[in-house]
>>> print(open('upload14.cif').read())   # mmCIF, C-alpha atoms, pLDDT in the B column; chains and numbers go by the auth columns
data_my_file
#
loop_
_atom_site.group_PDB
_atom_site.id
_atom_site.type_symbol
_atom_site.label_atom_id
_atom_site.label_comp_id
_atom_site.label_asym_id
_atom_site.label_seq_id
_atom_site.Cartn_x
_atom_site.Cartn_y
_atom_site.Cartn_z
_atom_site.B_iso_or_equiv
_atom_site.auth_seq_id
_atom_site.auth_asym_id
ATOM 1 C CA ILE A 1 112.299 33.607 58.230 64.00 30 A
ATOM 2 C CA ALA A 2 114.562 32.696 61.137 66.00 31 A
ATOM 3 C CA GLU A 3 116.017 36.227 61.190 83.00 32 A
ATOM 4 C CA TYR A 4 112.491 37.651 61.158 85.00 33 A
ATOM 5 C CA PHE A 5 112.038 36.310 64.660 86.00 34 A
ATOM 6 C CA ASN A 6 115.159 38.126 65.890 86.00 35 A
ATOM 7 C CA THR A 7 113.095 41.336 65.922 89.00 36 A
ATOM 8 C CA VAL A 8 109.475 40.176 65.724 92.00 37 A
ATOM 9 C CA ILE A 9 107.354 38.369 68.261 93.00 38 A
ATOM 10 C CA GLU A 10 104.356 36.615 66.816 94.00 39 A
ATOM 11 C CA THR A 11 101.174 35.139 68.185 96.00 40 A
ATOM 12 C CA GLN A 12 100.017 31.577 67.646 94.00 41 A
ATOM 13 C CA TYR A 13 99.325 30.909 63.981 93.00 42 A
ATOM 14 C CA SER A 14 97.067 27.881 64.125 92.00 43 A
ATOM 15 C CA PHE A 15 93.497 28.755 65.073 95.00 44 A
ATOM 16 C CA LYS A 16 90.788 26.185 64.436 94.00 45 A
ATOM 17 C CA ASP A 17 87.852 28.619 64.568 95.00 46 A
ATOM 18 C CA VAL A 18 86.803 32.217 65.193 96.00 47 A
ATOM 19 C CA ASP A 19 86.304 31.515 68.903 97.00 48 A
ATOM 20 C CA ALA A 20 89.961 30.505 69.223 96.00 49 A
ATOM 21 C CA VAL A 21 91.082 33.761 67.619 97.00 50 A
ATOM 22 C CA SER A 22 88.641 35.725 69.803 97.00 51 A
ATOM 23 C CA ASP A 23 90.037 34.287 73.040 97.00 52 A
ATOM 24 C CA SER A 24 92.551 37.073 73.571 96.00 53 A
ATOM 25 C CA SER A 25 93.698 35.647 76.892 95.00 54 A
ATOM 26 C CA GLU A 26 95.211 32.806 74.858 96.00 55 A
ATOM 27 C CA SER A 27 95.500 34.002 71.244 97.00 56 A
ATOM 28 C CA CYS A 28 97.463 37.199 71.888 97.00 57 A
ATOM 29 C CA TRP A 29 100.431 35.760 73.745 95.00 58 A
ATOM 30 C CA PRO A 30 103.773 35.585 71.934 93.00 59 A
ATOM 31 C CA PHE A 31 104.423 32.196 70.404 93.00 60 A
ATOM 32 C CA ARG A 32 107.481 32.670 68.201 91.00 61 A
ATOM 33 C CA GLY A 33 110.307 35.164 68.434 88.00 62 A
ATOM 34 C CA VAL A 34 110.161 35.448 72.204 86.00 63 A
ATOM 35 C CA ASP A 35 113.967 35.344 72.456 82.00 64 A
ATOM 36 C CA GLY A 36 114.485 38.211 70.015 70.00 65 A
ATOM 37 C CA ARG A 37 114.606 41.985 70.551 74.00 66 A
ATOM 38 C CA LYS A 38 110.828 42.351 70.334 79.00 67 A
ATOM 39 C CA ASP A 39 110.909 45.469 68.160 88.00 68 A
ATOM 40 C CA PHE A 40 107.718 44.382 66.429 91.00 69 A
ATOM 41 C CA TYR A 41 104.599 42.544 67.591 94.00 70 A
ATOM 42 C CA SER A 42 102.791 40.554 64.917 96.00 71 A
ATOM 43 C CA ILE A 43 99.233 39.391 65.507 97.00 72 A
ATOM 44 C CA ASN A 44 97.968 36.461 63.471 97.00 73 A
ATOM 45 C CA ASN A 45 94.302 37.007 62.713 97.00 74 A
ATOM 46 C CA PHE A 46 93.108 34.096 60.627 97.00 75 A
ATOM 47 C CA VAL A 47 91.528 30.656 60.873 96.00 76 A
ATOM 48 C CA THR A 48 93.156 27.726 59.179 90.00 77 A
ATOM 49 C CA GLY A 49 90.826 24.762 58.975 82.00 78 A
ATOM 50 C CA PRO A 50 91.634 21.240 57.871 85.00 79 A
ATOM 51 C CA LEU A 51 91.224 22.280 54.234 85.00 80 A
ATOM 52 C CA GLY A 52 93.249 25.491 54.496 90.00 81 A
ATOM 53 C CA PRO A 53 92.384 29.158 55.036 94.00 82 A
ATOM 54 C CA SER A 54 88.752 29.937 55.864 94.00 83 A
ATOM 55 C CA LYS A 55 86.972 32.586 53.784 95.00 84 A
ATOM 56 C CA LEU A 56 83.925 32.182 56.002 95.00 85 A
ATOM 57 C CA ALA A 57 85.937 33.055 59.118 96.00 86 A
ATOM 58 C CA ALA A 58 87.535 36.003 57.302 97.00 87 A
ATOM 59 C CA GLN A 59 84.066 37.478 56.823 97.00 88 A
ATOM 60 C CA THR A 60 83.882 37.837 60.615 97.00 89 A
ATOM 61 C CA ILE A 61 87.435 38.460 61.786 98.00 90 A
ATOM 62 C CA ASN A 62 88.337 40.897 58.999 98.00 91 A
ATOM 63 C CA LYS A 63 85.509 43.288 59.932 98.00 92 A
ATOM 64 C CA GLU A 64 86.410 46.712 61.306 97.00 93 A
ATOM 65 C CA ALA A 65 84.923 46.267 64.788 97.00 94 A
ATOM 66 C CA TYR A 66 86.502 42.840 65.220 98.00 95 A
ATOM 67 C CA LEU A 67 89.957 43.981 64.074 97.00 96 A
ATOM 68 C CA LYS A 68 89.978 47.090 66.246 96.00 97 A
ATOM 69 C CA LYS A 69 88.887 45.111 69.289 97.00 98 A
ATOM 70 C CA ARG A 70 91.528 42.457 68.614 97.00 99 A
ATOM 71 C CA LEU A 71 94.305 45.040 68.348 96.00 100 A
ATOM 72 C CA LEU A 72 93.222 46.719 71.586 95.00 101 A
ATOM 73 C CA ASP A 73 92.713 43.421 73.404 96.00 102 A
ATOM 74 C CA CYS A 74 96.110 42.066 72.399 96.00 103 A
ATOM 75 C CA GLU A 75 97.835 45.250 73.516 94.00 104 A
ATOM 76 C CA ALA A 76 95.972 45.132 76.842 95.00 105 A
ATOM 77 C CA VAL A 77 96.803 41.463 77.415 95.00 106 A
ATOM 78 C CA THR A 78 100.495 41.602 76.478 93.00 107 A
ATOM 79 C CA GLY A 79 101.558 45.224 76.856 92.00 108 A
ATOM 80 C CA TYR A 80 102.961 45.111 73.318 92.00 109 A
ATOM 81 C CA VAL A 81 101.682 47.531 70.682 92.00 110 A
ATOM 82 C CA PRO A 82 100.763 45.567 67.543 94.00 111 A
ATOM 83 C CA ASN A 83 102.822 46.606 64.515 92.00 112 A
ATOM 84 C CA ILE A 84 101.837 43.840 62.122 95.00 113 A
ATOM 85 C CA ILE A 85 98.541 42.082 61.580 96.00 114 A
ATOM 86 C CA ALA A 86 98.605 38.967 59.426 97.00 115 A
ATOM 87 C CA VAL A 87 95.341 37.996 57.762 97.00 116 A
ATOM 88 C CA ASP A 88 94.028 35.657 55.128 96.00 117 A
ATOM 89 C CA PHE A 89 91.875 37.194 52.408 96.00 118 A
ATOM 90 C CA TRP A 90 92.739 40.860 52.951 95.00 119 A
ATOM 91 C CA GLN A 91 90.162 41.722 50.273 96.00 120 A
ATOM 92 C CA ILE A 92 87.359 40.480 52.550 97.00 121 A
ATOM 93 C CA GLY A 93 86.234 42.915 55.212 97.00 122 A
ATOM 94 C CA ASP A 94 87.893 46.109 56.384 97.00 123 A
ATOM 95 C CA VAL A 95 91.554 45.170 56.793 96.00 124 A
ATOM 96 C CA VAL A 96 92.962 47.932 54.608 95.00 125 A
ATOM 97 C CA LYS A 97 90.736 50.587 56.194 95.00 126 A
ATOM 98 C CA VAL A 98 91.667 49.585 59.749 95.00 127 A
ATOM 99 C CA VAL A 99 95.390 49.409 59.001 94.00 128 A
ATOM 100 C CA GLN A 100 95.302 52.823 57.316 92.00 129 A
ATOM 101 C CA GLU A 101 93.409 54.350 60.250 92.00 130 A
ATOM 102 C CA VAL A 102 95.806 52.872 62.796 91.00 131 A
ATOM 103 C CA ASN A 103 98.844 54.007 60.806 89.00 132 A
ATOM 104 C CA ILE A 104 97.479 57.541 60.408 87.00 133 A
ATOM 105 C CA SER A 105 96.593 57.713 64.089 86.00 134 A
ATOM 106 C CA ARG A 106 99.995 56.516 65.221 82.00 135 A
ATOM 107 C CA GLY A 107 101.753 58.741 62.697 77.00 136 A
ATOM 108 C CA SER A 108 99.839 61.753 63.974 71.00 137 A
ATOM 109 C CA VAL A 109 100.886 61.049 67.551 64.00 138 A
ATOM 110 C CA VAL A 110 104.525 60.724 66.506 57.00 139 A
ATOM 111 C CA ALA A 111 104.338 63.883 64.382 55.00 140 A
ATOM 112 C CA VAL A 112 102.794 65.917 67.205 55.00 141 A
ATOM 113 C CA SER A 113 105.366 64.610 69.668 58.00 142 A
ATOM 114 C CA LEU A 114 108.209 65.386 67.276 55.00 143 A
ATOM 115 C CA MET A 115 106.876 68.885 66.531 57.00 144 A
ATOM 116 C CA SER A 116 106.593 69.726 70.216 61.00 145 A
ATOM 117 C CA ARG A 117 110.189 68.594 70.760 58.00 146 A
ATOM 118 C CA ILE A 118 111.396 70.700 67.832 57.00 147 A
ATOM 119 C CA GLN A 119 109.478 73.739 69.086 62.00 148 A
ATOM 120 C CA LYS A 120 110.953 73.329 72.579 63.00 149 A
ATOM 121 C CA TRP A 121 114.413 73.044 71.084 62.00 150 A
ATOM 122 C CA PHE A 122 114.026 76.202 68.982 62.00 151 A
ATOM 123 C CA HIS A 123 112.486 78.202 71.818 65.00 152 A
ATOM 124 C CA GLY A 124 114.937 76.928 74.400 60.00 153 A
ATOM 125 C CA ASP A 125 112.229 75.470 76.650 54.00 154 A
#
>>> encode(input="upload14.cif", output="structure tokens")
Amino acid sequence: IAEYFNTVIETQYSFKDVDAVSDSSESCWPFRGVDGRKDFYSINNFVTGPLGPSKLAAQTINKEAYLKKRLLDCEAVTGYVPNIIAVDFWQIGDVVKVVQEVNISRGSVVAVSLMSRIQKWFHGD
């Protein structure tokens, strides 16, 4: 895992409740990997209580609206575009849907950008 942090910056990973995760002014800042290349930005989006991961919290923070807001908030706070979102209980909520939508959206932007570059190259623009 040590080499992971050569290229990944990660947020805090110990949140006591949903409010702590929701406080983007604190919860989005890089915690580990700050000395690396920062190729990837990993957001931890889970609550770990005294007895371990919280399914109850996952019912809130794994919902579509919450996840989308968290991704946008963390990007706004840090200037880093989230590449990885770590969750507990991925089966609860809308994690898969949100990740697929974000990936498709970002892939579309890259594809359009790449196509316009290729077209310019072929047409000599």
>>> closest_residue(input="upload14.cif", among="A:Phe118, A:Tyr109, A:Phe60, A:Tyr33", to="Asn74 in chain A", atoms="only C-alpha atoms")
A:Phe118
>>> residues_around(input="upload14.cif", residues="Lys84 in chain A", least_positions_apart="2", cutoff="9 Å", atoms="all atoms listed in the file", output="list in words")
Val76, Pro82, Ala86, Ala87, Gln88, Asp117, Phe118 and Ile121 of chain A
>>> closest_residue(input="upload14.cif", among="A:Phe75, A:Phe69, A:Tyr42, A:Trp58", to="Ala105 in chain A", atoms="only C-alpha atoms")
A:Trp58
>>> resolve_selection(input="upload14.cif", expression="the PyMOL selection byres ((chain A and resi 125) around 12)", output="PyMOL selection string")
chain A and resi 91-93+96+114-116+118-124+126-132
>>> residues_near_point(input="upload14.cif", point="(114.1, 35.7, 74.6)", cutoff="12 Å", atoms="only C-alpha atoms", output="PyMOL selection string")
chain A and resi 34-38+59-67
>>> atom_distance(input="upload14.cif", atom1="CA of Cys57 in chain A", atom2="CA of Glu104 in chain A")
8.2 Å
>>> atom_distance(input="upload14.cif", atom1="CA of Gly81 in chain A", atom2="CA of Glu55 in chain A")
21.7 Å
>>> axis_aligned_box(input="upload14.cif", around="range 110-128 of chain A", padding_each_side="6 Å", output="AutoDock Vina command-line options")
--center_x 94.5 --center_y 43.1 --center_z 60.5 --size_x 28.6 --size_y 26.9 --size_z 32.4
>>> resolve_selection(input="upload14.cif", expression="the PyMOL selection byres ((chain A and resi 99) around 9)", output="compact mmCIF listing (two decimals) with C-alpha atoms, in the frame of the given file")
# COMPACT_ATOMS: atom_id res chain seq x y z
CA VAL A 50 91.08 33.76 67.62
CA SER A 51 88.64 35.72 69.80
CA SER A 53 92.55 37.07 73.57
CA CYS A 57 97.46 37.20 71.89
CA ILE A 72 99.23 39.39 65.51
CA ASN A 74 94.30 37.01 62.71
CA ILE A 90 87.44 38.46 61.79
CA ALA A 94 84.92 46.27 64.79
CA TYR A 95 86.50 42.84 65.22
CA LEU A 96 89.96 43.98 64.07
CA LYS A 97 89.98 47.09 66.25
CA LYS A 98 88.89 45.11 69.29
CA LEU A 100 94.30 45.04 68.35
CA LEU A 101 93.22 46.72 71.59
CA ASP A 102 92.71 43.42 73.40
CA CYS A 103 96.11 42.07 72.40
CA GLU A 104 97.84 45.25 73.52
>>> decode(input="upload14.cif", residues="range 34-83 of chain A", atoms="N, CA and C atoms", output="PDB file, in the first residue's frame")
ATOM      1  N   PHE A  34       0.389   5.237  -2.408  1.00  0.00           N
ATOM      2  CA  PHE A  34       0.411   6.655  -2.064  1.00  0.00           C
ATOM      3  C   PHE A  34       1.510   7.443  -2.787  1.00  0.00           C
ATOM      4  N   ASN A  35       2.262   6.788  -3.659  1.00  0.00           N
ATOM      5  CA  ASN A  35       3.183   7.521  -4.537  1.00  0.00           C
ATOM      6  C   ASN A  35       2.417   8.241  -5.641  1.00  0.00           C
ATOM      7  N   THR A  36       1.231   7.726  -5.990  1.00  0.00           N
ATOM      8  CA  THR A  36       0.457   8.315  -7.085  1.00  0.00           C
ATOM      9  C   THR A  36      -0.959   8.730  -6.674  1.00  0.00           C
ATOM     10  N   VAL A  37      -1.373   8.350  -5.482  1.00  0.00           N
ATOM     11  CA  VAL A  37      -2.738   8.626  -5.039  1.00  0.00           C
ATOM     12  C   VAL A  37      -2.720   9.483  -3.781  1.00  0.00           C
ATOM     13  N   ILE A  38      -3.534  10.537  -3.802  1.00  0.00           N
ATOM     14  CA  ILE A  38      -3.795  11.261  -2.560  1.00  0.00           C
ATOM     15  C   ILE A  38      -5.164  10.813  -2.070  1.00  0.00           C
ATOM     16  N   GLU A  39      -5.294  10.723  -0.782  1.00  0.00           N
ATOM     17  CA  GLU A  39      -6.511  10.170  -0.195  1.00  0.00           C
ATOM     18  C   GLU A  39      -6.995  11.062   0.935  1.00  0.00           C
ATOM     19  N   THR A  40      -8.310  11.138   1.058  1.00  0.00           N
ATOM     20  CA  THR A  40      -8.893  11.895   2.157  1.00  0.00           C
ATOM     21  C   THR A  40      -8.786  11.116   3.463  1.00  0.00           C
ATOM     22  N   GLN A  41      -9.136  11.790   4.530  1.00  0.00           N
ATOM     23  CA  GLN A  41      -9.240  11.139   5.848  1.00  0.00           C
ATOM     24  C   GLN A  41     -10.067   9.864   5.707  1.00  0.00           C
ATOM     25  N   TYR A  42      -9.762   8.871   6.508  1.00  0.00           N
ATOM     26  CA  TYR A  42     -10.483   7.602   6.403  1.00  0.00           C
ATOM     27  C   TYR A  42     -11.202   7.215   7.690  1.00  0.00           C
ATOM     28  N   SER A  43     -11.227   8.090   8.640  1.00  0.00           N
ATOM     29  CA  SER A  43     -11.863   7.776   9.918  1.00  0.00           C
ATOM     30  C   SER A  43     -12.924   8.827  10.230  1.00  0.00           C
ATOM     31  N   PHE A  44     -14.157   8.542   9.818  1.00  0.00           N
ATOM     32  CA  PHE A  44     -15.268   9.446  10.078  1.00  0.00           C
ATOM     33  C   PHE A  44     -16.200   8.805  11.095  1.00  0.00           C
ATOM     34  N   LYS A  45     -16.531   9.557  12.128  1.00  0.00           N
ATOM     35  CA  LYS A  45     -17.346   8.993  13.212  1.00  0.00           C
ATOM     36  C   LYS A  45     -18.836   8.992  12.902  1.00  0.00           C
ATOM     37  N   ASP A  46     -19.277   9.882  11.985  1.00  0.00           N
ATOM     38  CA  ASP A  46     -20.693   9.945  11.645  1.00  0.00           C
ATOM     39  C   ASP A  46     -20.882  10.607  10.283  1.00  0.00           C
ATOM     40  N   VAL A  47     -22.114  10.618   9.812  1.00  0.00           N
ATOM     41  CA  VAL A  47     -22.431  11.184   8.502  1.00  0.00           C
ATOM     42  C   VAL A  47     -22.077  12.667   8.460  1.00  0.00           C
ATOM     43  N   ASP A  48     -22.302  13.377   9.546  1.00  0.00           N
ATOM     44  CA  ASP A  48     -21.977  14.809   9.578  1.00  0.00           C
ATOM     45  C   ASP A  48     -20.493  15.060   9.318  1.00  0.00           C
ATOM     46  N   ALA A  49     -19.645  14.194   9.832  1.00  0.00           N
ATOM     47  CA  ALA A  49     -18.198  14.344   9.619  1.00  0.00           C
ATOM     48  C   ALA A  49     -17.837  14.144   8.147  1.00  0.00           C
ATOM     49  N   VAL A  50     -18.480  13.199   7.504  1.00  0.00           N
ATOM     50  CA  VAL A  50     -18.249  12.977   6.076  1.00  0.00           C
ATOM     51  C   VAL A  50     -18.782  14.169   5.286  1.00  0.00           C
ATOM     52  N   SER A  51     -19.925  14.694   5.690  1.00  0.00           N
ATOM     53  CA  SER A  51     -20.594  15.786   4.982  1.00  0.00           C
ATOM     54  C   SER A  51     -19.855  17.117   5.076  1.00  0.00           C
ATOM     55  N   ASP A  52     -18.997  17.265   6.061  1.00  0.00           N
ATOM     56  CA  ASP A  52     -18.262  18.520   6.238  1.00  0.00           C
ATOM     57  C   ASP A  52     -17.112  18.576   5.238  1.00  0.00           C
ATOM     58  N   SER A  53     -17.433  18.970   4.010  1.00  0.00           N
ATOM     59  CA  SER A  53     -16.442  18.931   2.939  1.00  0.00           C
ATOM     60  C   SER A  53     -15.257  19.860   3.184  1.00  0.00           C
ATOM     61  N   SER A  54     -15.452  20.891   3.969  1.00  0.00           N
ATOM     62  CA  SER A  54     -14.332  21.793   4.256  1.00  0.00           C
ATOM     63  C   SER A  54     -13.237  21.080   5.043  1.00  0.00           C
ATOM     64  N   GLU A  55     -13.597  19.994   5.696  1.00  0.00           N
ATOM     65  CA  GLU A  55     -12.624  19.188   6.446  1.00  0.00           C
ATOM     66  C   GLU A  55     -12.389  17.816   5.810  1.00  0.00           C
ATOM     67  N   SER A  56     -13.464  17.164   5.365  1.00  0.00           N
ATOM     68  CA  SER A  56     -13.376  15.755   4.955  1.00  0.00           C
ATOM     69  C   SER A  56     -12.776  15.533   3.573  1.00  0.00           C
ATOM     70  N   CYS A  57     -12.653  16.585   2.787  1.00  0.00           N
ATOM     71  CA  CYS A  57     -12.156  16.426   1.412  1.00  0.00           C
ATOM     72  C   CYS A  57     -10.648  16.630   1.288  1.00  0.00           C
ATOM     73  N   TRP A  58     -10.037  17.211   2.279  1.00  0.00           N
ATOM     74  CA  TRP A  58      -8.613  17.531   2.159  1.00  0.00           C
ATOM     75  C   TRP A  58      -7.748  16.285   2.156  1.00  0.00           C
ATOM     76  N   PRO A  59      -6.691  16.282   1.354  1.00  0.00           N
ATOM     77  CA  PRO A  59      -5.770  15.145   1.323  1.00  0.00           C
ATOM     78  C   PRO A  59      -5.188  14.857   2.700  1.00  0.00           C
ATOM     79  N   PHE A  60      -5.147  13.572   3.009  1.00  0.00           N
ATOM     80  CA  PHE A  60      -4.647  13.119   4.303  1.00  0.00           C
ATOM     81  C   PHE A  60      -3.401  12.253   4.137  1.00  0.00           C
ATOM     82  N   ARG A  61      -3.470  11.331   3.178  1.00  0.00           N
ATOM     83  CA  ARG A  61      -2.310  10.480   2.888  1.00  0.00           C
ATOM     84  C   ARG A  61      -1.944  10.615   1.423  1.00  0.00           C
ATOM     85  N   GLY A  62      -0.661  10.435   1.136  1.00  0.00           N
ATOM     86  CA  GLY A  62      -0.184  10.508  -0.233  1.00  0.00           C
ATOM     87  C   GLY A  62       0.131  11.915  -0.700  1.00  0.00           C
ATOM     88  N   VAL A  63       0.178  12.846   0.199  1.00  0.00           N
ATOM     89  CA  VAL A  63       0.378  14.250  -0.193  1.00  0.00           C
ATOM     90  C   VAL A  63       1.763  14.508  -0.777  1.00  0.00           C
ATOM     91  N   ASP A  64       2.724  13.624  -0.522  1.00  0.00           N
ATOM     92  CA  ASP A  64       4.065  13.803  -1.067  1.00  0.00           C
ATOM     93  C   ASP A  64       4.263  13.123  -2.412  1.00  0.00           C
ATOM     94  N   GLY A  65       3.245  12.401  -2.882  1.00  0.00           N
ATOM     95  CA  GLY A  65       3.365  11.679  -4.141  1.00  0.00           C
ATOM     96  C   GLY A  65       3.078  12.559  -5.341  1.00  0.00           C
ATOM     97  N   ARG A  66       2.899  11.919  -6.508  1.00  0.00           N
ATOM     98  CA  ARG A  66       2.677  12.644  -7.766  1.00  0.00           C
ATOM     99  C   ARG A  66       1.259  13.197  -7.889  1.00  0.00           C
ATOM    100  N   LYS A  67       0.349  12.681  -7.147  1.00  0.00           N
ATOM    101  CA  LYS A  67      -1.040  13.151  -7.148  1.00  0.00           C
ATOM    102  C   LYS A  67      -1.738  12.912  -8.495  1.00  0.00           C
ATOM    103  N   ASP A  68      -1.495  11.753  -9.077  1.00  0.00           N
ATOM    104  CA  ASP A  68      -2.160  11.396 -10.330  1.00  0.00           C
ATOM    105  C   ASP A  68      -3.631  11.045 -10.103  1.00  0.00           C
ATOM    106  N   PHE A  69      -3.926  10.574  -8.907  1.00  0.00           N
ATOM    107  CA  PHE A  69      -5.278  10.144  -8.577  1.00  0.00           C
ATOM    108  C   PHE A  69      -5.694  10.758  -7.248  1.00  0.00           C
ATOM    109  N   TYR A  70      -6.990  11.041  -7.129  1.00  0.00           N
ATOM    110  CA  TYR A  70      -7.555  11.610  -5.909  1.00  0.00           C
ATOM    111  C   TYR A  70      -8.647  10.667  -5.427  1.00  0.00           C
ATOM    112  N   SER A  71      -8.417  10.059  -4.282  1.00  0.00           N
ATOM    113  CA  SER A  71      -9.335   9.079  -3.717  1.00  0.00           C
ATOM    114  C   SER A  71     -10.119   9.695  -2.563  1.00  0.00           C
ATOM    115  N   ILE A  72     -11.434   9.626  -2.678  1.00  0.00           N
ATOM    116  CA  ILE A  72     -12.308  10.149  -1.626  1.00  0.00           C
ATOM    117  C   ILE A  72     -12.847   8.982  -0.815  1.00  0.00           C
ATOM    118  N   ASN A  73     -12.631   9.025   0.479  1.00  0.00           N
ATOM    119  CA  ASN A  73     -13.216   8.028   1.377  1.00  0.00           C
ATOM    120  C   ASN A  73     -14.611   8.506   1.751  1.00  0.00           C
ATOM    121  N   ASN A  74     -15.578   7.656   1.538  1.00  0.00           N
ATOM    122  CA  ASN A  74     -16.980   8.010   1.752  1.00  0.00           C
ATOM    123  C   ASN A  74     -17.646   6.913   2.572  1.00  0.00           C
ATOM    124  N   PHE A  75     -17.260   6.840   3.825  1.00  0.00           N
ATOM    125  CA  PHE A  75     -17.834   5.830   4.713  1.00  0.00           C
ATOM    126  C   PHE A  75     -17.682   6.278   6.157  1.00  0.00           C
ATOM    127  N   VAL A  76     -18.506   5.677   7.014  1.00  0.00           N
ATOM    128  CA  VAL A  76     -18.452   5.931   8.455  1.00  0.00           C
ATOM    129  C   VAL A  76     -18.009   4.651   9.127  1.00  0.00           C
ATOM    130  N   THR A  77     -17.006   4.782   9.963  1.00  0.00           N
ATOM    131  CA  THR A  77     -16.545   3.627  10.726  1.00  0.00           C
ATOM    132  C   THR A  77     -16.764   3.922  12.203  1.00  0.00           C
ATOM    133  N   GLY A  78     -17.756   3.290  12.761  1.00  0.00           N
ATOM    134  CA  GLY A  78     -18.080   3.481  14.173  1.00  0.00           C
ATOM    135  C   GLY A  78     -17.224   2.598  15.052  1.00  0.00           C
ATOM    136  N   PRO A  79     -17.481   2.627  16.333  1.00  0.00           N
ATOM    137  CA  PRO A  79     -16.687   1.827  17.271  1.00  0.00           C
ATOM    138  C   PRO A  79     -16.799   0.317  17.043  1.00  0.00           C
ATOM    139  N   LEU A  80     -17.877  -0.097  16.379  1.00  0.00           N
ATOM    140  CA  LEU A  80     -18.070  -1.523  16.111  1.00  0.00           C
ATOM    141  C   LEU A  80     -17.791  -1.890  14.657  1.00  0.00           C
ATOM    142  N   GLY A  81     -17.206  -0.958  13.907  1.00  0.00           N
ATOM    143  CA  GLY A  81     -16.872  -1.235  12.511  1.00  0.00           C
ATOM    144  C   GLY A  81     -17.716  -0.428  11.549  1.00  0.00           C
ATOM    145  N   PRO A  82     -17.734  -0.838  10.272  1.00  0.00           N
ATOM    146  CA  PRO A  82     -18.468  -0.104   9.247  1.00  0.00           C
ATOM    147  C   PRO A  82     -19.954   0.039   9.582  1.00  0.00           C
ATOM    148  N   SER A  83     -20.543   1.154   9.170  1.00  0.00           N
ATOM    149  CA  SER A  83     -21.933   1.449   9.505  1.00  0.00           C
ATOM    150  C   SER A  83     -22.854   1.293   8.289  1.00  0.00           C
TER     151      SER A  83
END
